[in-house]
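Q: If it helps, the file is called input-v3.pdb and holds PDB, N, CA and C atoms:
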ATOM      1  N   MET D   1      42.051 -40.008 -88.036
ATOM      2  CA  MET D   1      40.857 -40.732 -87.678
ATOM      3  C   MET D   1      40.599 -40.564 -86.183
ATOM      4  N   ARG D   2      39.371 -40.326 -85.836
ATOM      5  CA  ARG D   2      38.963 -40.197 -84.433
ATOM      6  C   ARG D   2      38.543 -41.562 -83.893
ATOM      7  N   TYR D   3      38.955 -41.813 -82.676
ATOM      8  CA  TYR D   3      38.579 -43.060 -82.015
ATOM      9  C   TYR D   3      37.677 -42.756 -80.832
ATOM     10  N   LEU D   4      36.719 -43.641 -80.605
ATOM     11  CA  LEU D   4      35.877 -43.536 -79.419
ATOM     12  C   LEU D   4      36.703 -43.925 -78.196
ATOM     13  N   ALA D   5      36.251 -43.516 -77.020
ATOM     14  CA  ALA D   5      36.957 -43.860 -75.786
ATOM     15  C   ALA D   5      37.078 -45.374 -75.640
ATOM     16  N   SER D   6      36.042 -46.088 -76.011
ATOM     17  CA  SER D   6      36.083 -47.556 -75.898
ATOM     18  C   SER D   6      37.131 -48.151 -76.843
ATOM     19  N   GLU D   7      37.294 -47.562 -78.024
ATOM     20  CA  GLU D   7      38.312 -48.045 -78.965
ATOM     21  C   GLU D   7      39.718 -47.743 -78.446
ATOM     22  N   LYS D   8      39.885 -46.567 -77.857
ATOM     23  CA  LYS D   8      41.189 -46.217 -77.286
ATOM     24  C   LYS D   8      41.545 -47.180 -76.164
ATOM     25  N   LEU D   9      40.562 -47.505 -75.329
ATOM     26  CA  LEU D   9      40.795 -48.444 -74.240
ATOM     27  C   LEU D   9      41.182 -49.816 -74.794
ATOM     28  N   GLU D  10      40.507 -50.256 -75.831
ATOM     29  CA  GLU D  10      40.821 -51.547 -76.443
ATOM     30  C   GLU D  10      42.240 -51.548 -77.010
ATOM     31  N   ILE D  11      42.654 -50.450 -77.613
ATOM     32  CA  ILE D  11      44.016 -50.344 -78.148
ATOM     33  C   ILE D  11      45.033 -50.391 -77.015
ATOM     34  N   ILE D  12      44.739 -49.694 -75.908
ATOM     35  CA  ILE D  12      45.635 -49.732 -74.746
ATOM     36  C   ILE D  12      45.771 -51.165 -74.236
ATOM     37  N   ARG D  13      44.657 -51.875 -74.182
ATOM     38  CA  ARG D  13      44.692 -53.273 -73.714
ATOM     39  C   ARG D  13      45.449 -54.171 -74.689
ATOM     40  N   LEU D  14      45.216 -53.958 -75.992
ATOM     41  CA  LEU D  14      45.916 -54.762 -77.002
ATOM     42  C   LEU D  14      47.425 -54.588 -76.898
ATOM     43  N   VAL D  15      47.854 -53.343 -76.767
ATOM     44  CA  VAL D  15      49.293 -53.070 -76.670
ATOM     45  C   VAL D  15      49.856 -53.699 -75.403
ATOM     46  N   GLY D  16      49.118 -53.605 -74.305
ATOM     47  CA  GLY D  16      49.583 -54.170 -73.050
ATOM     48  C   GLY D  16      49.657 -55.686 -73.058
ATOM     49  N   GLN D  17      48.767 -56.345 -73.798
ATOM     50  CA  GLN D  17      48.709 -57.808 -73.800
ATOM     51  C   GLN D  17      49.486 -58.446 -74.945
ATOM     52  N   SER D  18      49.933 -57.632 -75.875
ATOM     53  CA  SER D  18      50.629 -58.167 -77.047
ATOM     54  C   SER D  18      51.983 -58.745 -76.668
ATOM     55  N   HIS D  19      52.361 -59.826 -77.344
ATOM     56  CA  HIS D  19      53.696 -60.403 -77.138
ATOM     57  C   HIS D  19      54.761 -59.623 -77.904
ATOM     58  N   LEU D  20      54.309 -58.741 -78.796
ATOM     59  CA  LEU D  20      55.232 -57.899 -79.566
ATOM     60  C   LEU D  20      55.595 -56.653 -78.756
ATOM     61  N   PRO D  21      56.715 -56.028 -79.079
ATOM     62  CA  PRO D  21      57.025 -54.745 -78.451
ATOM     63  C   PRO D  21      55.938 -53.721 -78.791
ATOM     64  N   ALA D  22      55.737 -52.759 -77.907
ATOM     65  CA  ALA D  22      54.678 -51.765 -78.097
ATOM     66  C   ALA D  22      54.812 -51.057 -79.443
ATOM     67  N   LYS D  23      56.029 -50.702 -79.828
ATOM     68  CA  LYS D  23      56.236 -49.981 -81.092
ATOM     69  C   LYS D  23      55.738 -50.798 -82.279
ATOM     70  N   ARG D  24      56.060 -52.085 -82.301
ATOM     71  CA  ARG D  24      55.615 -52.930 -83.423
ATOM     72  C   ARG D  24      54.106 -53.093 -83.424
ATOM     73  N   THR D  25      53.521 -53.258 -82.256
ATOM     74  CA  THR D  25      52.066 -53.395 -82.172
ATOM     75  C   THR D  25      51.391 -52.123 -82.684
ATOM     76  N   LEU D  26      51.899 -50.996 -82.238
ATOM     77  CA  LEU D  26      51.316 -49.715 -82.677
ATOM     78  C   LEU D  26      51.508 -49.510 -84.174
ATOM     79  N   ASP D  27      52.668 -49.897 -84.697
ATOM     80  CA  ASP D  27      52.900 -49.796 -86.146
ATOM     81  C   ASP D  27      51.890 -50.632 -86.918
ATOM     82  N   LYS D  28      51.626 -51.847 -86.421
ATOM     83  CA  LYS D  28      50.646 -52.717 -87.090
ATOM     84  C   LYS D  28      49.239 -52.113 -87.036
ATOM     85  N   LEU D  29      48.940 -51.419 -85.935
ATOM     86  CA  LEU D  29      47.621 -50.795 -85.790
ATOM     87  C   LEU D  29      47.538 -49.441 -86.502
ATOM     88  N   GLY D  30      48.696 -48.898 -86.872
ATOM     89  CA  GLY D  30      48.713 -47.584 -87.538
ATOM     90  C   GLY D  30      48.493 -46.429 -86.572
ATOM     91  N   ILE D  31      48.882 -46.631 -85.320
ATOM     92  CA  ILE D  31      48.715 -45.592 -84.294
ATOM     93  C   ILE D  31      50.088 -45.004 -83.981
ATOM     94  N   PRO D  32      50.275 -43.699 -84.128
ATOM     95  CA  PRO D  32      51.560 -43.100 -83.749
ATOM     96  C   PRO D  32      51.830 -43.274 -82.254
ATOM     97  N   ARG D  33      53.095 -43.490 -81.913
ATOM     98  CA  ARG D  33      53.453 -43.696 -80.501
ATOM     99  C   ARG D  33      53.083 -42.494 -79.651
ATOM    100  N   ALA D  34      53.271 -41.294 -80.189
ATOM    101  CA  ALA D  34      52.942 -40.091 -79.417
ATOM    102  C   ALA D  34      51.451 -40.059 -79.075
ATOM    103  N   THR D  35      50.627 -40.469 -80.019
ATOM    104  CA  THR D  35      49.179 -40.511 -79.782
ATOM    105  C   THR D  35      48.858 -41.544 -78.709
ATOM    106  N   PHE D  36      49.440 -42.730 -78.860
ATOM    107  CA  PHE D  36      49.210 -43.778 -77.862
ATOM    108  C   PHE D  36      49.668 -43.318 -76.480
ATOM    109  N   ASN D  37      50.842 -42.718 -76.401
ATOM    110  CA  ASN D  37      51.366 -42.259 -75.105
ATOM    111  C   ASN D  37      50.452 -41.216 -74.467
ATOM    112  N   ARG D  38      49.895 -40.347 -75.287
ATOM    113  CA  ARG D  38      48.955 -39.343 -74.767
ATOM    114  C   ARG D  38      47.704 -40.024 -74.220
ATOM    115  N   TRP D  39      47.168 -40.975 -74.970
ATOM    116  CA  TRP D  39      45.994 -41.721 -74.503
ATOM    117  C   TRP D  39      46.312 -42.459 -73.204
ATOM    118  N   TYR D  40      47.461 -43.112 -73.171
ATOM    119  CA  TYR D  40      47.833 -43.920 -72.009
ATOM    120  C   TYR D  40      48.001 -43.040 -70.767
ATOM    121  N   ASP D  41      48.654 -41.899 -70.927
ATOM    122  CA  ASP D  41      48.809 -40.969 -69.798
ATOM    123  C   ASP D  41      47.453 -40.483 -69.299
ATOM    124  N   ARG D  42      46.561 -40.153 -70.236
ATOM    125  CA  ARG D  42      45.220 -39.706 -69.837
ATOM    126  C   ARG D  42      44.467 -40.828 -69.124
ATOM    127  N   PHE D  43      44.618 -42.063 -69.613
ATOM    128  CA  PHE D  43      43.965 -43.216 -68.989
ATOM    129  C   PHE D  43      44.488 -43.430 -67.571
ATOM    130  N   LEU D  44      45.804 -43.325 -67.385
ATOM    131  CA  LEU D  44      46.391 -43.536 -66.056
ATOM    132  C   LEU D  44      45.947 -42.478 -65.057
ATOM    133  N   THR D  45      45.814 -41.240 -65.513
ATOM    134  CA  THR D  45      45.455 -40.168 -64.586
ATOM    135  C   THR D  45      43.952 -40.031 -64.375
ATOM    136  N   GLY D  46      43.144 -40.366 -65.393
ATOM    137  CA  GLY D  46      41.710 -40.131 -65.257
ATOM    138  C   GLY D  46      40.809 -41.291 -65.580
ATOM    139  N   GLY D  47      41.374 -42.449 -65.878
ATOM    140  CA  GLY D  47      40.553 -43.608 -66.197
ATOM    141  C   GLY D  47      39.935 -43.515 -67.586
ATOM    142  N   VAL D  48      38.924 -44.335 -67.802
ATOM    143  CA  VAL D  48      38.275 -44.419 -69.114
ATOM    144  C   VAL D  48      37.644 -43.083 -69.507
ATOM    145  N   ASP D  49      37.087 -42.368 -68.535
ATOM    146  CA  ASP D  49      36.436 -41.081 -68.838
ATOM    147  C   ASP D  49      37.408 -40.086 -69.462
ATOM    148  N   ALA D  50      38.681 -40.167 -69.081
ATOM    149  CA  ALA D  50      39.681 -39.233 -69.611
ATOM    150  C   ALA D  50      39.996 -39.506 -71.076
ATOM    151  N   LEU D  51      39.565 -40.663 -71.589
ATOM    152  CA  LEU D  51      39.816 -40.995 -72.993
ATOM    153  C   LEU D  51      38.786 -40.380 -73.934
ATOM    154  N   GLU D  52      37.708 -39.849 -73.371
ATOM    155  CA  GLU D  52      36.692 -39.189 -74.202
ATOM    156  C   GLU D  52      37.320 -37.988 -74.902
ATOM    157  N   ASP D  53      36.871 -37.738 -76.130
ATOM    158  CA  ASP D  53      37.356 -36.562 -76.847
ATOM    159  C   ASP D  53      36.925 -35.310 -76.103
ATOM    160  N   ARG D  54      37.817 -34.369 -76.030
ATOM    161  CA  ARG D  54      37.501 -33.093 -75.392
ATOM    162  C   ARG D  54      37.035 -32.117 -76.458
ATOM    163  N   LYS D  55      36.183 -31.211 -76.052
ATOM    164  CA  LYS D  55      35.761 -30.167 -76.975
ATOM    165  C   LYS D  55      36.956 -29.260 -77.233
ATOM    166  N   PRO D  56      37.167 -28.859 -78.474
ATOM    167  CA  PRO D  56      38.303 -27.978 -78.740
ATOM    168  C   PRO D  56      38.141 -26.637 -78.021
ATOM    169  N   GLN D  57      39.222 -26.171 -77.451
ATOM    170  CA  GLN D  57      39.215 -24.886 -76.762
ATOM    171  C   GLN D  57      39.540 -23.792 -77.779
ATOM    172  N   PRO D  58      38.831 -22.684 -77.711
ATOM    173  CA  PRO D  58      39.172 -21.604 -78.637
ATOM    174  C   PRO D  58      40.584 -21.113 -78.349
ATOM    175  N   ARG D  59      41.328 -20.932 -79.377
ATOM    176  CA  ARG D  59      42.715 -20.488 -79.231
ATOM    177  C   ARG D  59      42.747 -18.983 -79.057
ATOM    178  N   ARG D  60      43.477 -18.557 -78.062
ATOM    179  CA  ARG D  60      43.674 -17.130 -77.846
ATOM    180  C   ARG D  60      45.038 -16.767 -78.402
ATOM    181  N   VAL D  61      45.058 -15.741 -79.189
ATOM    182  CA  VAL D  61      46.305 -15.274 -79.747
ATOM    183  C   VAL D  61      46.926 -14.325 -78.734
ATOM    184  N   TRP D  62      48.135 -14.636 -78.297
ATOM    185  CA  TRP D  62      48.753 -13.888 -77.208
ATOM    186  C   TRP D  62      49.046 -12.442 -77.583
ATOM    187  N   ASN D  63      49.237 -12.170 -78.864
ATOM    188  CA  ASN D  63      49.620 -10.819 -79.248
ATOM    189  C   ASN D  63      48.534 -10.102 -80.054
ATOM    190  N   ARG D  64      47.312 -10.515 -79.904
ATOM    191  CA  ARG D  64      46.217  -9.870 -80.628
ATOM    192  C   ARG D  64      45.937  -8.500 -80.021
ATOM    193  N   ILE D  65      45.842  -7.523 -80.888
ATOM    194  CA  ILE D  65      45.572  -6.152 -80.453
ATOM    195  C   ILE D  65      44.056  -5.976 -80.358
ATOM    196  N   PRO D  66      43.558  -5.485 -79.228
ATOM    197  CA  PRO D  66      42.117  -5.247 -79.116
ATOM    198  C   PRO D  66      41.641  -4.283 -80.212
ATOM    199  N   ASP D  67      40.410  -4.483 -80.664
ATOM    200  CA  ASP D  67      39.875  -3.688 -81.777
ATOM    201  C   ASP D  67      39.938  -2.187 -81.515
ATOM    202  N   GLU D  68      39.620  -1.764 -80.277
ATOM    203  CA  GLU D  68      39.615  -0.324 -80.005
ATOM    204  C   GLU D  68      41.029   0.265 -80.078
ATOM    205  N   VAL D  69      42.032  -0.514 -79.662
ATOM    206  CA  VAL D  69      43.417  -0.041 -79.757
ATOM    207  C   VAL D  69      43.843  -0.028 -81.223
ATOM    208  N   ARG D  70      43.470  -1.046 -81.969
ATOM    209  CA  ARG D  70      43.805  -1.107 -83.391
ATOM    210  C   ARG D  70      43.261   0.112 -84.134
ATOM    211  N   GLU D  71      42.025   0.474 -83.823
ATOM    212  CA  GLU D  71      41.417   1.659 -84.462
ATOM    213  C   GLU D  71      42.219   2.929 -84.161
ATOM    214  N   LYS D  72      42.662   3.073 -82.898
ATOM    215  CA  LYS D  72      43.445   4.258 -82.517
ATOM    216  C   LYS D  72      44.789   4.288 -83.242
ATOM    217  N   VAL D  73      45.425   3.121 -83.372
ATOM    218  CA  VAL D  73      46.705   3.057 -84.083
ATOM    219  C   VAL D  73      46.513   3.414 -85.555
ATOM    220  N   ILE D  74      45.468   2.889 -86.161
ATOM    221  CA  ILE D  74      45.194   3.188 -87.580
ATOM    222  C   ILE D  74      44.924   4.675 -87.762
ATOM    223  N   ASP D  75      44.116   5.249 -86.858
ATOM    224  CA  ASP D  75      43.827   6.687 -86.955
ATOM    225  C   ASP D  75      45.109   7.507 -86.851
ATOM    226  N   LEU D  76      45.986   7.148 -85.908
ATOM    227  CA  LEU D  76      47.245   7.872 -85.753
ATOM    228  C   LEU D  76      48.110   7.707 -86.995
ATOM    229  N   ALA D  77      48.170   6.505 -87.546
ATOM    230  CA  ALA D  77      48.975   6.258 -88.746
ATOM    231  C   ALA D  77      48.458   7.062 -89.932
ATOM    232  N   LEU D  78      47.144   7.199 -90.037
ATOM    233  CA  LEU D  78      46.575   7.991 -91.132
ATOM    234  C   LEU D  78      46.809   9.485 -90.921
ATOM    235  N   ASP D  79      46.806   9.911 -89.656
ATOM    236  CA  ASP D  79      47.049  11.327 -89.351
ATOM    237  C   ASP D  79      48.520  11.698 -89.509
ATOM    238  N   GLU D  80      49.423  10.734 -89.303
ATOM    239  CA  GLU D  80      50.872  10.983 -89.334
ATOM    240  C   GLU D  80      51.547  10.036 -90.328
ATOM    241  N   PRO D  81      51.255  10.169 -91.650
ATOM    242  CA  PRO D  81      51.785   9.201 -92.622
ATOM    243  C   PRO D  81      53.305   9.227 -92.768
ATOM    244  N   GLU D  82      53.957  10.284 -92.303
ATOM    245  CA  GLU D  82      55.413  10.375 -92.453
ATOM    246  C   GLU D  82      56.169   9.564 -91.397
ATOM    247  N   LEU D  83      55.476   9.092 -90.354
ATOM    248  CA  LEU D  83      56.135   8.332 -89.292
ATOM    249  C   LEU D  83      56.423   6.894 -89.714
ATOM    250  N   SER D  84      57.602   6.416 -89.325
ATOM    251  CA  SER D  84      57.946   5.009 -89.549
ATOM    252  C   SER D  84      57.146   4.173 -88.540
ATOM    253  N   PRO D  85      57.083   2.866 -88.736
ATOM    254  CA  PRO D  85      56.379   2.032 -87.751
ATOM    255  C   PRO D  85      56.932   2.208 -86.333
ATOM    256  N   ARG D  86      58.243   2.300 -86.190
ATOM    257  CA  ARG D  86      58.832   2.481 -84.872
ATOM    258  C   ARG D  86      58.429   3.832 -84.278
ATOM    259  N   GLU D  87      58.503   4.894 -85.089
ATOM    260  CA  GLU D  87      58.113   6.226 -84.605
ATOM    261  C   GLU D  87      56.628   6.257 -84.262
ATOM    262  N   LEU D  88      55.841   5.551 -85.051
ATOM    263  CA  LEU D  88      54.409   5.472 -84.795
ATOM    264  C   LEU D  88      54.141   4.798 -83.444
ATOM    265  N   ALA D  89      54.868   3.701 -83.156
ATOM    266  CA  ALA D  89      54.705   2.995 -81.887
ATOM    267  C   ALA D  89      55.093   3.894 -80.714
ATOM    268  N   VAL D  90      56.209   4.610 -80.845
ATOM    269  CA  VAL D  90      56.655   5.498 -79.773
ATOM    270  C   VAL D  90      55.649   6.620 -79.555
ATOM    271  N   THR D  91      55.193   7.223 -80.634
ATOM    272  CA  THR D  91      54.213   8.313 -80.537
ATOM    273  C   THR D  91      52.932   7.812 -79.884
ATOM    274  N   PHE D  92      52.489   6.624 -80.298
ATOM    275  CA  PHE D  92      51.255   6.073 -79.747
ATOM    276  C   PHE D  92      51.390   5.817 -78.251
ATOM    277  N   THR D  93      52.477   5.143 -77.845
ATOM    278  CA  THR D  93      52.639   4.838 -76.419
ATOM    279  C   THR D  93      52.852   6.096 -75.593
ATOM    280  N   ASP D  94      53.573   7.094 -76.146
ATOM    281  CA  ASP D  94      53.762   8.360 -75.421
ATOM    282  C   ASP D  94      52.423   9.067 -75.236
ATOM    283  N   THR D  95      51.593   9.073 -76.274
ATOM    284  CA  THR D  95      50.283   9.712 -76.207
ATOM    285  C   THR D  95      49.404   8.997 -75.186
ATOM    286  N   LEU D  96      49.438   7.668 -75.196
ATOM    287  CA  LEU D  96      48.641   6.886 -74.255
ATOM    288  C   LEU D  96      49.123   7.115 -72.825
ATOM    289  N   THR D  97      50.429   7.157 -72.635
ATOM    290  CA  THR D  97      50.988   7.382 -71.304
ATOM    291  C   THR D  97      50.549   8.734 -70.759
ATOM    292  N   MET D  98      50.623   9.761 -71.613
ATOM    293  CA  MET D  98      50.203  11.102 -71.177
ATOM    294  C   MET D  98      48.713  11.115 -70.843
ATOM    295  N   ALA D  99      47.906  10.416 -71.629
ATOM    296  CA  ALA D  99      46.467  10.377 -71.385
ATOM    297  C   ALA D  99      46.167   9.671 -70.068
ATOM    298  N   LEU D 100      46.886   8.588 -69.787
ATOM    299  CA  LEU D 100      46.677   7.864 -68.534
ATOM    300  C   LEU D 100      47.101   8.710 -67.332
ATOM    301  N   GLN D 101      48.214   9.401 -67.465
ATOM    302  CA  GLN D 101      48.689  10.236 -66.369
ATOM    303  C   GLN D 101      47.734  11.401 -66.134
ATOM    304  N   ALA D 102      47.214  11.981 -67.207
ATOM    305  CA  ALA D 102      46.292  13.108 -67.080
ATOM    306  C   ALA D 102      44.982  12.677 -66.424
ATOM    307  N   SER D 103      44.585  11.416 -66.675
ATOM    308  CA  SER D 103      43.330  10.942 -66.103
ATOM    309  C   SER D 103      43.497  10.424 -64.683
ATOM    310  N   GLY D 104      44.757  10.373 -64.212
ATOM    311  CA  GLY D 104      45.010   9.898 -62.858
ATOM    312  C   GLY D 104      45.122   8.396 -62.757
ATOM    313  N   CYS D 105      45.124   7.705 -63.891
ATOM    314  CA  CYS D 105      45.241   6.244 -63.908
ATOM    315  C   CYS D 105      46.700   5.840 -63.811
ATOM    316  N   ALA D 106      46.972   4.889 -63.007
ATOM    317  CA  ALA D 106      48.287   4.226 -62.902
ATOM    318  C   ALA D 106      49.453   5.159 -63.172
ATOM    319  N   SER D 107      50.561   4.575 -63.432
ATOM    320  CA  SER D 107      51.769   5.347 -63.722
ATOM    321  C   SER D 107      51.983   5.458 -65.202
ATOM    322  N   GLY D 108      51.033   4.931 -65.976
ATOM    323  CA  GLY D 108      51.172   4.968 -67.426
ATOM    324  C   GLY D 108      52.014   3.819 -67.945
ATOM    325  N   SER D 109      52.317   2.876 -67.104
ATOM    326  CA  SER D 109      53.183   1.767 -67.533
ATOM    327  C   SER D 109      52.411   0.638 -68.175
ATOM    328  N   THR D 110      51.080   0.701 -68.184
ATOM    329  CA  THR D 110      50.320  -0.391 -68.786
ATOM    330  C   THR D 110      49.643   0.090 -70.059
ATOM    331  N   LEU D 111      49.516  -0.840 -70.977
ATOM    332  CA  LEU D 111      48.815  -0.531 -72.226
ATOM    333  C   LEU D 111      47.478  -1.192 -72.237
TER     334      LEU D 111
END
Kindly present the structure from the file in structure tokens form.

A:
Amino acid sequence: MRYLASEKLEIIRLVGQSHLPAKRTLDKLGIPRATFNRWYDRFLTGGVDALEDRKPQPRRVWNRIPDEVREKVIDLALDEPELSPRELAVTFTDTLTMALQASGCASGSTL
């Protein structure tokens, strides 16, 4: 369930003013402690404005192969079907390194 910033603030105040321990108060409210702690930390560092929902950030996959590189790998794999994946990787990087060196780019150490 999503809470508005004003509701999060009210929950923070309720937990702070409750005579019960924070864990019991949160259990009664059905709010996980980790969620409350995240809200509370955001409130302490940025005030009420920090409690507003943030727009989700697009996730970047750290190991995603660019489309143009993927196409080159597929073409090489189709041209050399007898190569194992490891041999294919070595052949591809060796070919790329030679192409970079021939073009005068870098030392060929980057992909």

Q: Rounded to one decimal in Å, what is the spacing between atom C of Gln17 (chain D) and CA of Arg54 (chain D)?

A: 28.0 Å

Q: List the spatial neighbours of Glu52 (chain D) as a compact mmCIF listing (two decimals) with N, CA and C atoms, in the frame of the given file - criterion: any atom at most 8 Å away, all atoms listed in the file, same-chain residues fewer than 2 positions off excluded.

A:
# COMPACT_ATOMS: atom_id res chain seq x y z
N TYR D 3 38.96 -41.81 -82.68
CA TYR D 3 38.58 -43.06 -82.02
C TYR D 3 37.68 -42.76 -80.83
N LEU D 4 36.72 -43.64 -80.60
CA LEU D 4 35.88 -43.54 -79.42
C LEU D 4 36.70 -43.92 -78.20
N ALA D 5 36.25 -43.52 -77.02
CA ALA D 5 36.96 -43.86 -75.79
C ALA D 5 37.08 -45.37 -75.64
N SER D 6 36.04 -46.09 -76.01
CA SER D 6 36.08 -47.56 -75.90
C SER D 6 37.13 -48.15 -76.84
N GLY D 47 41.37 -42.45 -65.88
CA GLY D 47 40.55 -43.61 -66.20
C GLY D 47 39.94 -43.52 -67.59
N VAL D 48 38.92 -44.34 -67.80
CA VAL D 48 38.28 -44.42 -69.11
C VAL D 48 37.64 -43.08 -69.51
N ASP D 49 37.09 -42.37 -68.54
CA ASP D 49 36.44 -41.08 -68.84
C ASP D 49 37.41 -40.09 -69.46
N ALA D 50 38.68 -40.17 -69.08
CA ALA D 50 39.68 -39.23 -69.61
C ALA D 50 40.00 -39.51 -71.08
N ARG D 54 37.82 -34.37 -76.03
CA ARG D 54 37.50 -33.09 -75.39
C ARG D 54 37.03 -32.12 -76.46
N LYS D 55 36.18 -31.21 -76.05
CA LYS D 55 35.76 -30.17 -76.97
C LYS D 55 36.96 -29.26 -77.23

Q: Work out how far apart atom C of Pro85 (chain D) and CA of Asn63 (chain D) are and give it in Å to one decimal.

A: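 Going from atom C of Pro85 (chain D) over to CA of Asn63 (chain D) covers 16.5 Å.
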
Q: Applied to this file, what does the PyMOL selection byres (((chain D and resi 72 and name CA) around 12) and name CA) return in terms of residues, put as an NGL selection string?

A: :D and (65-71 or 73-79 or 88-89 or 91-93 or 95-96)

Q: When you draw a straight line from atom C of Asp53 (chain D) to CA of Ala34 (chain D), how long is it in Å?

A: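 Straight-line distance from atom C of Asp53 (chain D) to CA of Ala34 (chain D) works out to 17.0 Å.
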
Q: Could you pull out the residues in chain D that DSSP calls alpha helix (DSSP H) from the backbone, as a VMD selection string?

A: chain D and resid 5 to 17 22 to 29 33 to 46 67 to 79 85 to 103

Q: If you take every atom of region 6-22 of chain D that the file lists and fit an axis-aligned box around them with 3 Å extra on each side, what centre and edge lengths come out in Å to one decimal, as AutoDock Vina command-line options?

A:
--center_x 46.5 --center_y -53.2 --center_z -76.3 --size_x 27.0 --size_y 20.3 --size_z 12.5

Q: So, with only C-alpha atoms as the atoms that count, which of D:Tyr40, D:Gln57, D:Gly30, D:Thr45 lies closest to Arg13 (chain D)?

A: D:Tyr40

Q: Could you check the closest approach to Trp39 (chain D) for each of D:Met1, D:Leu26, D:Ala102, D:Leu51 and tell me which residue wins, using only N, CA and C atoms?

A: D:Leu51
